[in-house]
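Listing of input-v4.txt; format and content: compact mmCIF, C-alpha atoms.
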# COMPACT_ATOMS: atom_id res chain seq x y z
CA MET W 1 110.89 126.43 80.26
CA LEU W 2 113.75 128.76 81.12
CA LYS W 3 111.91 131.85 79.88
CA TYR W 4 108.84 131.30 82.04
CA GLY W 5 110.80 129.94 85.01
CA SER W 6 108.13 127.34 85.43
CA GLY W 7 110.42 124.34 85.63
CA GLY W 8 109.63 121.48 83.31
CA SER W 9 110.24 117.89 82.35
CA ILE W 10 112.12 116.79 79.25
CA ILE W 11 111.96 113.15 78.21
CA ASN W 12 114.37 111.81 75.62
CA THR W 13 113.96 108.49 73.88
CA SER W 14 117.11 106.41 73.90
CA SER W 15 117.14 102.64 73.42
CA ILE W 16 118.62 99.58 75.09
CA SER W 17 120.72 99.33 71.91
CA GLY W 18 122.35 102.56 73.00
CA ILE W 19 123.35 100.96 76.30
CA ASP W 20 123.92 97.29 75.50
CA GLY W 21 124.95 97.48 71.85
CA ASN W 22 123.25 95.27 69.31
CA ARG W 23 124.49 93.42 66.24
CA GLY W 24 123.66 95.37 63.06
CA GLN W 25 122.76 98.53 64.95
CA LEU W 26 126.07 100.35 65.09
CA ALA W 27 124.77 103.69 63.84
CA TYR W 28 121.35 103.39 65.48
CA GLY W 29 122.85 102.33 68.80
CA ALA W 30 125.48 105.06 68.73
CA SER W 31 122.84 107.71 68.01
CA LYS W 32 120.79 106.44 70.96
CA ALA W 33 123.88 106.28 73.18
CA ALA W 34 124.31 109.98 72.49
CA TRP W 35 121.04 110.56 74.35
CA VAL W 36 122.39 108.83 77.46
CA SER W 37 125.17 111.37 77.69
CA ALA W 38 123.04 114.31 76.53
CA THR W 39 120.33 113.50 79.06
CA LYS W 40 122.77 113.49 81.96
CA THR W 41 124.42 116.73 80.87
CA MET W 42 121.10 118.45 80.27
CA ALA W 43 119.88 117.32 83.69
CA GLU W 44 122.99 118.74 85.32
CA GLU W 45 122.76 122.07 83.48
CA LEU W 46 119.01 122.62 83.77
CA GLY W 47 118.38 121.20 87.26
CA ALA W 48 118.91 124.49 89.06
CA ASN W 49 116.06 125.91 86.98
CA GLY W 50 113.73 123.17 88.15
CA ILE W 51 113.84 121.40 84.82
CA ARG W 52 114.14 117.64 84.99
CA VAL W 53 115.64 115.67 82.11
CA ASN W 54 115.32 111.91 81.82
CA ALA W 55 115.43 109.33 79.07
CA ILE W 56 113.64 106.09 78.44
CA ALA W 57 115.44 103.15 76.92
CA PRO W 58 112.83 100.86 75.41
CA GLY W 59 113.54 97.25 74.51
CA VAL W 60 111.55 95.44 71.83
CA ILE W 61 108.26 97.27 71.44
CA ALA W 62 105.46 96.16 69.13
CA THR W 63 105.47 99.00 66.61
CA ALA W 64 105.93 99.36 62.86
CA MET W 65 109.63 99.95 63.52
CA THR W 66 110.23 96.44 64.87
CA GLU W 67 107.92 94.78 62.31
CA ASN W 68 110.61 94.98 59.66
CA LEU W 69 113.37 93.44 61.76
CA PRO W 70 114.33 89.79 61.17
CA GLU W 71 112.09 87.61 63.29
CA GLU W 72 114.91 85.41 64.48
CA ALA W 73 116.85 88.34 65.93
CA LEU W 74 113.72 89.71 67.57
CA ASN W 75 112.81 86.41 69.17
CA LYS W 76 116.33 86.02 70.46
CA LYS W 77 116.10 89.45 72.07
CA ILE W 78 112.69 88.74 73.56
CA SER W 79 113.89 85.41 74.97
CA LYS W 80 116.54 87.36 76.89
CA SER W 81 113.85 89.38 78.67
CA ASN W 82 112.19 88.29 81.90
CA ILE W 83 108.70 89.09 80.68
CA LYS W 84 109.15 87.08 77.43
CA ARG W 85 107.06 89.22 75.13
CA LYS W 86 107.26 92.48 73.20
CA GLY W 87 106.28 95.60 75.07
CA THR W 88 103.32 97.65 73.88
CA PRO W 89 103.44 101.33 72.92
CA GLU W 90 101.02 101.95 75.81
CA GLU W 91 103.56 100.49 78.24
CA VAL W 92 106.18 102.96 77.05
CA ALA W 93 103.61 105.74 77.26
CA GLY W 94 102.94 104.79 80.88
CA VAL W 95 106.58 105.43 81.77
CA ILE W 96 106.60 108.71 79.86
CA THR W 97 103.50 109.73 81.83
CA TYR W 98 105.39 108.99 85.06
CA LEU W 99 108.41 111.01 83.98
CA ALA W 100 106.25 113.90 82.78
CA SER W 101 104.21 114.00 85.98
CA ASP W 102 104.96 115.02 89.54
CA LEU W 103 105.21 111.34 90.43
CA SER W 104 108.86 111.66 89.38
CA SER W 105 109.54 115.11 90.85
CA PHE W 106 112.90 114.08 92.40
CA VAL W 107 114.01 111.97 89.44
CA THR W 108 116.40 113.55 86.97
CA GLY W 109 119.35 112.50 84.84
CA GLN W 110 118.07 108.93 84.74
CA ILE W 111 117.85 106.44 81.93
CA ILE W 112 114.85 104.22 82.57
CA ARG W 113 114.91 100.85 80.83
CA VAL W 114 111.47 99.78 79.61
CA ASP W 115 112.61 96.41 78.34
CA GLY W 116 110.74 93.68 80.17
CA GLY W 117 113.89 92.91 82.12
CA ILE W 118 116.58 92.30 79.49
CA GLY W 119 119.21 94.14 81.48
CA MET X 1 93.88 106.72 91.06
CA LEU X 2 96.54 104.31 89.88
CA LEU X 3 96.01 101.52 92.42
CA LYS X 4 92.25 101.27 92.77
CA ASN X 5 91.20 97.98 94.43
CA LYS X 6 94.80 96.77 94.69
CA ASN X 7 96.03 95.41 98.01
CA ALA X 8 99.50 96.36 99.18
CA ILE X 9 101.82 95.49 102.04
CA ILE X 10 104.10 98.32 103.16
CA THR X 11 106.72 97.59 105.80
CA GLY X 12 107.90 100.31 108.15
CA SER X 13 104.88 102.46 107.36
CA ASN X 14 104.81 104.30 110.67
CA ARG X 15 107.28 107.05 109.81
CA GLY X 16 109.54 108.66 107.22
CA ILE X 17 109.32 107.36 103.67
CA GLY X 18 107.05 104.47 104.73
CA LYS X 19 104.49 106.86 106.19
CA ALA X 20 104.53 108.87 102.95
CA MET X 21 103.98 105.60 101.08
CA LEU X 22 101.01 104.73 103.28
CA ILE X 23 99.43 108.06 102.35
CA ALA X 24 100.39 107.94 98.64
CA PHE X 25 99.11 104.39 98.19
CA ALA X 26 95.84 105.23 99.99
CA GLN X 27 95.50 108.37 97.85
CA ASN X 28 95.72 106.12 94.81
CA GLY X 29 92.99 103.82 96.05
CA ALA X 30 94.99 100.88 97.41
CA ASN X 31 94.00 98.91 100.49
CA ILE X 32 97.01 98.42 102.72
CA TRP X 33 98.46 96.06 105.26
CA ALA X 34 100.44 98.64 107.17
CA HIS X 35 103.40 97.17 108.98
CA SER X 36 105.07 98.62 112.03
CA ARG X 37 107.40 97.09 114.57
CA LYS X 38 104.92 97.58 117.38
CA GLU X 39 101.54 99.02 118.13
CA SER X 40 101.37 102.65 119.23
CA PRO X 41 98.59 105.23 119.68
CA GLU X 42 100.22 107.46 117.01
CA PHE X 43 100.27 104.65 114.45
CA THR X 44 96.67 103.67 115.17
CA GLU X 45 95.65 107.31 114.82
CA LEU X 46 97.58 107.57 111.51
CA ILE X 47 95.91 104.46 110.09
CA ASN X 48 92.44 105.62 111.10
CA THR X 49 92.92 109.09 109.64
CA VAL X 50 94.39 107.91 106.34
CA SER X 51 91.79 105.18 105.81
CA LYS X 52 88.97 107.66 106.50
CA ASP X 53 90.49 110.44 104.37
CA TYR X 54 90.90 108.25 101.30
CA ASN X 55 88.14 105.72 101.87
CA VAL X 56 90.40 102.65 101.75
CA GLN X 57 90.93 99.76 104.14
CA ILE X 58 94.09 99.73 106.20
CA TRP X 59 94.94 96.70 108.31
CA PRO X 60 97.82 97.00 110.79
CA ILE X 61 100.37 94.21 111.03
CA TYR X 62 103.06 94.14 113.68
CA PHE X 63 106.34 92.31 113.81
CA ASP X 64 109.94 92.96 114.67
CA LEU X 65 112.02 92.37 111.56
CA THR X 66 114.41 90.19 113.54
CA ASN X 67 111.66 88.06 115.06
CA TYR X 68 110.81 85.34 112.56
CA ALA X 69 108.05 83.83 114.69
CA GLU X 70 106.26 87.18 114.79
CA MET X 71 106.84 87.59 111.06
CA LYS X 72 105.37 84.20 110.30
CA ASN X 73 102.37 85.00 112.43
CA SER X 74 101.79 88.20 110.44
CA VAL X 75 101.96 86.23 107.19
CA LYS X 76 99.29 83.91 108.60
CA GLN X 77 97.14 86.92 109.45
CA ILE X 78 97.50 88.29 105.92
CA ASN X 79 96.50 84.89 104.53
CA GLU X 80 93.35 84.90 106.63
CA TYR X 81 92.02 87.99 104.83
CA LYS X 82 91.60 85.82 101.70
CA LYS X 83 92.53 88.75 99.49
CA THR X 84 95.00 89.07 96.66
CA VAL X 85 98.37 90.48 97.65
CA ASP X 86 99.13 92.66 94.64
CA ILE X 87 101.99 94.76 95.94
CA LEU X 88 104.80 94.34 98.46
CA VAL X 89 106.91 97.33 99.42
CA ASN X 90 109.98 96.35 101.44
CA ASN X 91 110.58 99.74 102.95
CA ALA X 92 111.62 99.07 106.55
CA GLY X 93 115.31 99.28 107.30
CA ILE X 94 117.93 100.84 109.51
CA MET X 95 121.01 102.93 108.92
CA ASN X 96 123.86 102.54 111.36
CA ASN X 97 126.93 104.40 110.14
CA SER X 98 130.42 103.55 111.31
CA LEU X 99 133.84 103.88 109.78
CA PHE X 100 135.13 100.65 108.25
CA GLN X 101 137.91 100.08 110.78
CA MET X 102 135.56 100.87 113.67
CA THR X 103 132.79 98.55 112.56
CA THR X 104 132.02 95.79 115.04
CA LYS X 105 130.60 92.40 114.15
CA ASP X 106 127.41 93.42 115.95
CA ILE X 107 126.91 96.40 113.66
CA LEU X 108 127.66 94.24 110.64
CA TYR X 109 125.35 91.36 111.56
CA ASN X 110 122.54 93.49 112.95
CA GLN X 111 122.26 95.63 109.83
CA PHE X 112 122.32 92.63 107.53
CA GLU X 113 119.71 90.92 109.71
CA ILE X 114 117.28 93.84 109.42
CA ASN X 115 118.10 95.27 105.99
CA PHE X 116 118.57 92.03 104.10
CA PHE X 117 117.94 88.64 105.77
CA SER X 118 114.53 89.58 107.13
CA ILE X 119 113.47 91.18 103.85
CA PHE X 120 114.66 88.10 101.98
CA THR X 121 112.57 85.82 104.18
CA PHE X 122 109.50 88.07 104.21
CA THR X 123 109.62 88.31 100.42
CA GLN X 124 109.81 84.53 100.19
CA TYR X 125 106.59 84.29 102.22
CA ILE X 126 104.71 87.02 100.38
CA SER X 127 105.81 85.98 96.90
CA LYS X 128 104.05 82.65 97.53
CA PHE X 129 100.72 84.51 97.53
CA MET X 130 101.74 86.27 94.32
CA VAL X 131 102.82 83.06 92.61
CA ARG X 132 99.47 81.51 93.52
CA GLN X 133 97.56 84.41 91.92
CA ASN X 134 100.08 84.69 89.06
CA SER X 135 100.62 88.44 89.43
CA GLY X 136 102.30 90.97 91.65
CA SER X 137 104.73 93.83 92.00
CA ILE X 138 107.54 93.79 94.54
CA ILE X 139 109.27 97.07 95.31
CA ASN X 140 112.42 97.16 97.40
CA ILE X 141 113.94 100.26 98.88
CA ALA X 142 117.71 100.35 98.58
CA SER X 143 119.86 103.48 98.57
CA ILE X 144 122.30 105.31 96.35
CA ALA X 145 124.81 104.28 99.06
CA ALA X 146 124.68 100.85 97.41
CA LEU X 147 125.76 102.32 94.09
CA ASP X 148 127.98 105.28 94.91
CA GLY X 149 129.58 104.34 98.23
CA PHE X 150 129.71 106.81 101.09
CA ASP X 151 132.01 107.27 104.07
CA GLY X 152 130.82 105.28 107.05
CA GLN X 153 128.37 103.19 105.04
CA SER X 154 130.42 100.13 104.17
CA VAL X 155 127.81 97.97 105.91
CA TYR X 156 124.66 99.97 105.15
CA GLY X 157 125.67 100.23 101.48
CA ALA X 158 126.48 96.53 101.33
CA THR X 159 123.07 95.57 102.75
CA LYS X 160 121.43 97.72 100.09
CA SER X 161 123.66 96.24 97.35
CA ALA X 162 122.45 92.84 98.50
CA ILE X 163 118.88 94.02 97.95
CA ILE X 164 119.79 95.07 94.39
CA ALA X 165 121.37 91.69 93.63
CA MET X 166 118.29 89.98 95.01
CA THR X 167 116.08 92.21 92.86
CA ARG X 168 117.86 91.22 89.67
CA SER X 169 117.86 87.54 90.51
CA ILE X 170 114.26 87.17 91.65
CA SER X 171 112.99 89.39 88.83
CA ASN X 172 114.35 86.61 86.62
CA GLU X 173 112.83 83.81 88.64
CA LEU X 174 109.43 85.32 89.40
CA SER X 175 108.63 86.88 86.03
CA LEU X 176 107.42 83.45 84.92
CA ASN X 177 104.69 83.92 87.50
CA GLY X 178 103.74 87.40 86.33
CA ILE X 179 105.59 89.12 89.16
CA ARG X 180 107.69 92.22 88.58
CA VAL X 181 110.50 93.14 90.98
CA ASN X 182 112.15 96.55 91.08
CA THR X 183 114.17 98.62 93.51
CA ILE X 184 114.20 102.29 94.33
CA ALA X 185 117.53 103.86 95.27
CA PRO X 186 116.71 107.10 97.08
CA GLY X 187 119.27 109.85 97.46
CA ILE X 188 119.28 112.18 100.45
CA ILE X 189 115.67 112.43 101.61
CA ASP X 190 114.45 114.76 104.34
CA THR X 191 113.63 112.24 107.10
CA ASP X 192 114.86 111.45 110.64
CA LEU X 193 117.52 109.24 109.06
CA ILE X 194 119.58 112.25 108.01
CA ASN X 195 119.72 113.61 111.57
CA VAL X 196 123.02 111.77 111.93
CA MET X 197 124.51 113.93 109.17
CA SER X 198 126.15 117.26 109.98
CA LYS X 199 124.71 120.41 108.45
CA GLU X 200 127.86 120.71 106.35
CA VAL X 201 127.51 117.24 104.91
CA ILE X 202 123.86 117.87 104.08
CA GLU X 203 124.72 121.15 102.33
CA LYS X 204 127.43 119.41 100.35
CA ASN X 205 124.99 116.73 99.30
CA ILE X 206 122.43 119.29 98.22
CA ALA X 207 125.09 121.04 96.12
CA ASN X 208 125.83 117.68 94.49
CA THR X 209 122.29 117.28 93.19
CA ALA X 210 121.11 118.76 89.89
CA LEU X 211 117.89 119.94 91.55
CA LYS X 212 119.81 121.59 94.43
CA ARG X 213 117.58 120.36 97.21
CA LEU X 214 116.78 117.42 99.47
CA GLY X 215 114.13 114.96 98.36
CA LYS X 216 110.82 114.70 100.20
CA PRO X 217 109.48 111.37 101.48
CA PHE X 218 106.42 111.58 99.21
CA GLU X 219 108.69 111.86 96.16
CA VAL X 220 110.09 108.41 96.89
CA ALA X 221 106.57 107.18 97.67
CA ASN X 222 105.30 108.39 94.28
CA THR X 223 107.93 106.38 92.41
CA ALA X 224 106.79 103.34 94.42
CA VAL X 225 103.22 104.09 93.27
CA PHE X 226 104.49 104.13 89.68
CA LEU X 227 106.30 100.81 90.10
CA ALA X 228 103.22 99.29 91.74
CA SER X 229 100.93 100.49 88.94
CA GLU X 230 100.25 99.37 85.38
CA TYR X 231 102.30 102.35 84.18
CA SER X 232 105.38 100.20 84.76
CA SER X 233 104.04 96.88 83.44
CA TYR X 234 107.05 96.42 81.13
CA ILE X 235 109.63 97.36 83.78
CA THR X 236 111.27 94.69 85.91
CA GLY X 237 114.68 94.01 87.45
CA GLN X 238 115.44 97.73 87.46
CA VAL X 239 116.97 100.08 90.00
CA ILE X 240 115.41 103.54 89.81
CA ARG X 241 117.40 106.34 91.39
CA VAL X 242 115.25 108.97 93.09
CA ASP X 243 118.11 111.24 93.97
CA GLY X 244 117.58 114.66 92.44
CA GLY X 245 120.28 113.94 89.88
CA ARG X 246 123.76 113.30 91.28
CA LEU X 247 125.73 113.57 88.08

Please, can you express the file's structure as structure tokens?
Amino acid sequence: MLKYGSGGSIINTSSISGIDGNRGQLAYGASKAAWVSATKTMAEELGANGIRVNAIAPGVIATAMTENLPEEALNKKISKSNIKRKGTPEEVAGVITYLASDLSSFVTGQIIRVDGGIG
Amino acid sequence: MLLKNKNAIITGSNRGIGKAMLIAFAQNGANIWAHSRKESPEFTELINTVSKDYNVQIWPIYFDLTNYAEMKNSVKQINEYKKTVDILVNNAGIMNNSLFQMTTKDILYNQFEINFFSIFTFTQYISKFMVRQNSGSIINIASIAALDGFDGQSVYGATKSAIIAMTRSISNELSLNGIRVNTIAPGIIDTDLINVMSKEVIEKNIANTALKRLGKPFEVANTAVFLASEYSSYITGQVIRVDGGRL
């Protein structure tokens, strides 16, 4: 992106665990929290070159990754959301499409929660 | 086209960010109730041009945000169309800067009346349609002034903070009815509103953004399109900063 001077959009995948913390996810959450800080710093450093950097922070999404989690913990999490269901991979993809496209051309350094309204 | 066959209400659609929203929503196939405070030849011309250019229906609605009788009448008009109300964009608002110690009660009350009380009431009316149809997306326009705090904006920022608190609360309440509620917090956008700022202040603000420029009205409008569309179907209760990255 820097070489061709064409600008660009970088989208990192954090997690609500990286923002809220979550029992049993100390290492996972900390690794995702790193992307909150990295995203903001990257946005600051690369902005002048027309490169936008944002992150998404998904909540509970219906993928293989959440299939193996204890059901009780998952349901508790989902009950905290406004929408009261798991998100779909397509719903996360929709947000990535927004951040990748010109729809978000003045959005950078942001962490967008895709969590059905948990936080 | 992200909003094909959706029907949207956009308040304050005659100029600035609201005008850009009118165009962006029409571009994406939405039919629009376009609100303005009062009828004018320019607004009529704008509506006609945009509806013809993008082959959508645009219906003007007029009311002063402080006139609840007029507002109620507009709600009645909208009801008479017998159409779903899929999207509400609470865009209209005013900015009246004054230093804290210089702020009169009039400035305080007037800004809250327009930027918060009227929006609260209008959203109550319109959300009834959405509850009935069990779906909807409400998009409020706040400001980074609500989050960051700026000189001279103790009132303006507070009105916009109120909008954010309302967003979080009603996102909770209305999600049971399939309604999502989100807020956009724009940074410094190139509209008439920034005419009150000195060139120096504007330059300083530009330097504070990662992208090193002012935002354009359509860039805020496009995030509203996203929040109105299915792309954001798992997003609610959020505040999205459209500010060029003030880090």

- [ ] Tell me, in Å to one decimal, how far CA of Ser13 in chain X is from CA of Leu193 in chain X.
- [x] 14.4 Å

Open item on the list: I need the contact residues of chain W against chain X, so if you could list those with any atom within 9 Å, counting only C-alpha atoms, and return them as a ChimeraX atom specification, that would help.
Closed with: /W:40-41,43-52,81-84,86-88,90-98,102-119

Print the selection's residues with C-alpha atoms to a file, as a PDB file, in the frame of the given file.
ATOM      1  CA  LYS W  40     122.770 113.490  81.960  1.00  0.00           C
ATOM      2  CA  THR W  41     124.420 116.730  80.870  1.00  0.00           C
ATOM      3  CA  ALA W  43     119.880 117.320  83.690  1.00  0.00           C
ATOM      4  CA  GLU W  44     122.990 118.740  85.320  1.00  0.00           C
ATOM      5  CA  GLU W  45     122.760 122.070  83.480  1.00  0.00           C
ATOM      6  CA  LEU W  46     119.010 122.620  83.770  1.00  0.00           C
ATOM      7  CA  GLY W  47     118.380 121.200  87.260  1.00  0.00           C
ATOM      8  CA  ALA W  48     118.910 124.490  89.060  1.00  0.00           C
ATOM      9  CA  ASN W  49     116.060 125.910  86.980  1.00  0.00           C
ATOM     10  CA  GLY W  50     113.730 123.170  88.150  1.00  0.00           C
ATOM     11  CA  ILE W  51     113.840 121.400  84.820  1.00  0.00           C
ATOM     12  CA  ARG W  52     114.140 117.640  84.990  1.00  0.00           C
ATOM     13  CA  SER W  81     113.850  89.380  78.670  1.00  0.00           C
ATOM     14  CA  ASN W  82     112.190  88.290  81.900  1.00  0.00           C
ATOM     15  CA  ILE W  83     108.700  89.090  80.680  1.00  0.00           C
ATOM     16  CA  LYS W  84     109.150  87.080  77.430  1.00  0.00           C
ATOM     17  CA  LYS W  86     107.260  92.480  73.200  1.00  0.00           C
ATOM     18  CA  GLY W  87     106.280  95.600  75.070  1.00  0.00           C
ATOM     19  CA  THR W  88     103.320  97.650  73.880  1.00  0.00           C
ATOM     20  CA  GLU W  90     101.020 101.950  75.810  1.00  0.00           C
ATOM     21  CA  GLU W  91     103.560 100.490  78.240  1.00  0.00           C
ATOM     22  CA  VAL W  92     106.180 102.960  77.050  1.00  0.00           C
ATOM     23  CA  ALA W  93     103.610 105.740  77.260  1.00  0.00           C
ATOM     24  CA  GLY W  94     102.940 104.790  80.880  1.00  0.00           C
ATOM     25  CA  VAL W  95     106.580 105.430  81.770  1.00  0.00           C
ATOM     26  CA  ILE W  96     106.600 108.710  79.860  1.00  0.00           C
ATOM     27  CA  THR W  97     103.500 109.730  81.830  1.00  0.00           C
ATOM     28  CA  TYR W  98     105.390 108.990  85.060  1.00  0.00           C
ATOM     29  CA  ASP W 102     104.960 115.020  89.540  1.00  0.00           C
ATOM     30  CA  LEU W 103     105.210 111.340  90.430  1.00  0.00           C
ATOM     31  CA  SER W 104     108.860 111.660  89.380  1.00  0.00           C
ATOM     32  CA  SER W 105     109.540 115.110  90.850  1.00  0.00           C
ATOM     33  CA  PHE W 106     112.900 114.080  92.400  1.00  0.00           C
ATOM     34  CA  VAL W 107     114.010 111.970  89.440  1.00  0.00           C
ATOM     35  CA  THR W 108     116.400 113.550  86.970  1.00  0.00           C
ATOM     36  CA  GLY W 109     119.350 112.500  84.840  1.00  0.00           C
ATOM     37  CA  GLN W 110     118.070 108.930  84.740  1.00  0.00           C
ATOM     38  CA  ILE W 111     117.850 106.440  81.930  1.00  0.00           C
ATOM     39  CA  ILE W 112     114.850 104.220  82.570  1.00  0.00           C
ATOM     40  CA  ARG W 113     114.910 100.850  80.830  1.00  0.00           C
ATOM     41  CA  VAL W 114     111.470  99.780  79.610  1.00  0.00           C
ATOM     42  CA  ASP W 115     112.610  96.410  78.340  1.00  0.00           C
ATOM     43  CA  GLY W 116     110.740  93.680  80.170  1.00  0.00           C
ATOM     44  CA  GLY W 117     113.890  92.910  82.120  1.00  0.00           C
ATOM     45  CA  ILE W 118     116.580  92.300  79.490  1.00  0.00           C
ATOM     46  CA  GLY W 119     119.210  94.140  81.480  1.00  0.00           C
TER      47      GLY W 119
END

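Going from CA of Gln77 in chain X to CA of Met130 in chain X covers 15.8 Å.
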
Provide an axis-aligned box for all listed atoms of range 79-94 of chain W, padding each side by 6 Å; report its centre and its edge lengths in Å to one decimal, as JSON.
{"center_x": 108.8, "center_y": 95.6, "center_z": 77.4, "size_x": 27.5, "size_y": 32.3, "size_z": 21.0}

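Note that the spacing between CA of Met21 in chain X and CA of Ile9 in chain X amounts to 10.4 Å.
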
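Minimum atom-to-atom distance to Pro70 in chain W, evaluated using all atoms listed in the file, belongs to W:Gly24 out of W:Gly24, W:Ala34, W:Gly18, W:Tyr4.
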
- [ ] May I have the residues within 12 Å of Met102 in chain X as JSON, numbers by chain, using all atoms listed in the file and disregarding those fewer than 3 positions away in the same chain?
- [x] {"X": [97, 98, 99, 105, 106, 107, 108, 152, 153, 154, 155]}

- [ ] Write out as a PyMOL selection string which residues come within 12 Å of Ala30 in chain W when counting only C-alpha atoms, dropping same-chain ones fewer than 6 positions away.
- [x] chain W and resi 14-24+36-37

- [ ] Compare X:Gly149, X:Gly12, X:Pro41, X:Gly29 by their minimum atom-to-atom distance to Asn115 in chain X, counting all atoms listed in the file, and give me the closest one.
- [x] X:Gly12

- [ ] Quick one: everything within 9 Å of range 72-75 of chain X, counting all atoms listed in the file, minus sequence neighbours fewer than 2 positions away in the same chain. Send it as an MDAnalysis selection string.
- [x] chainID X and resid 61:63 67:70 77:80 122 125:126

Task: Given all atoms listed in the file as the counted atoms, nearest of X:Asn31, X:Phe100, X:Leu22, X:Pro60 to Thr44 in chain X - done: X:Pro60

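With only the atoms specified (all atoms listed in the file) counting, those residues at most 6 Å away from (116.1, 111.1, 73.9) are W:Asn12, W:Thr13, W:Ser14, W:Trp35, W:Ala55.
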
Can you sort out range 105-121 of chain X so it carries N, CA and C atoms, written as a tab-separated table (two decimals), in the frame of the given file?
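Result file out.tsv:
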chain	number	residue	atom	x	y	z
X	105	LYS	N	131.38	93.50	114.71
X	105	LYS	CA	130.60	92.40	114.15
X	105	LYS	C	129.12	92.61	114.43
X	106	ASP	N	128.81	93.17	115.60
X	106	ASP	CA	127.41	93.42	115.95
X	106	ASP	C	126.75	94.35	114.94
X	107	ILE	N	127.45	95.44	114.62
X	107	ILE	CA	126.91	96.40	113.66
X	107	ILE	C	126.71	95.72	112.31
X	108	LEU	N	127.70	94.94	111.93
X	108	LEU	CA	127.66	94.24	110.64
X	108	LEU	C	126.47	93.27	110.58
X	109	TYR	N	126.38	92.41	111.59
X	109	TYR	CA	125.35	91.36	111.56
X	109	TYR	C	123.96	91.95	111.74
X	110	ASN	N	123.85	92.91	112.66
X	110	ASN	CA	122.54	93.49	112.95
X	110	ASN	C	121.96	94.18	111.72
X	111	GLN	N	122.78	94.93	111.01
X	111	GLN	CA	122.26	95.63	109.83
X	111	GLN	C	121.88	94.66	108.72
X	112	PHE	N	122.68	93.63	108.55
X	112	PHE	CA	122.32	92.63	107.53
X	112	PHE	C	121.05	91.88	107.92
X	113	GLU	N	120.91	91.62	109.22
X	113	GLU	CA	119.71	90.92	109.71
X	113	GLU	C	118.45	91.72	109.34
X	114	ILE	N	118.47	93.01	109.62
X	114	ILE	CA	117.28	93.84	109.42
X	114	ILE	C	117.11	94.26	107.95
X	115	ASN	N	118.21	94.70	107.34
X	115	ASN	CA	118.10	95.27	105.99
X	115	ASN	C	118.10	94.23	104.88
X	116	PHE	N	118.54	93.02	105.17
X	116	PHE	CA	118.57	92.03	104.10
X	116	PHE	C	117.94	90.67	104.45
X	117	PHE	N	118.44	90.00	105.49
X	117	PHE	CA	117.94	88.64	105.77
X	117	PHE	C	116.43	88.62	106.00
X	118	SER	N	115.95	89.58	106.81
X	118	SER	CA	114.53	89.58	107.13
X	118	SER	C	113.70	89.89	105.89
X	119	ILE	N	114.19	90.80	105.07
X	119	ILE	CA	113.47	91.18	103.85
X	119	ILE	C	113.45	90.00	102.88
X	120	PHE	N	114.56	89.29	102.82
X	120	PHE	CA	114.66	88.10	101.98
X	120	PHE	C	113.58	87.09	102.38
X	121	THR	N	113.52	86.82	103.68
X	121	THR	CA	112.57	85.82	104.18
X	121	THR	C	111.13	86.28	104.00
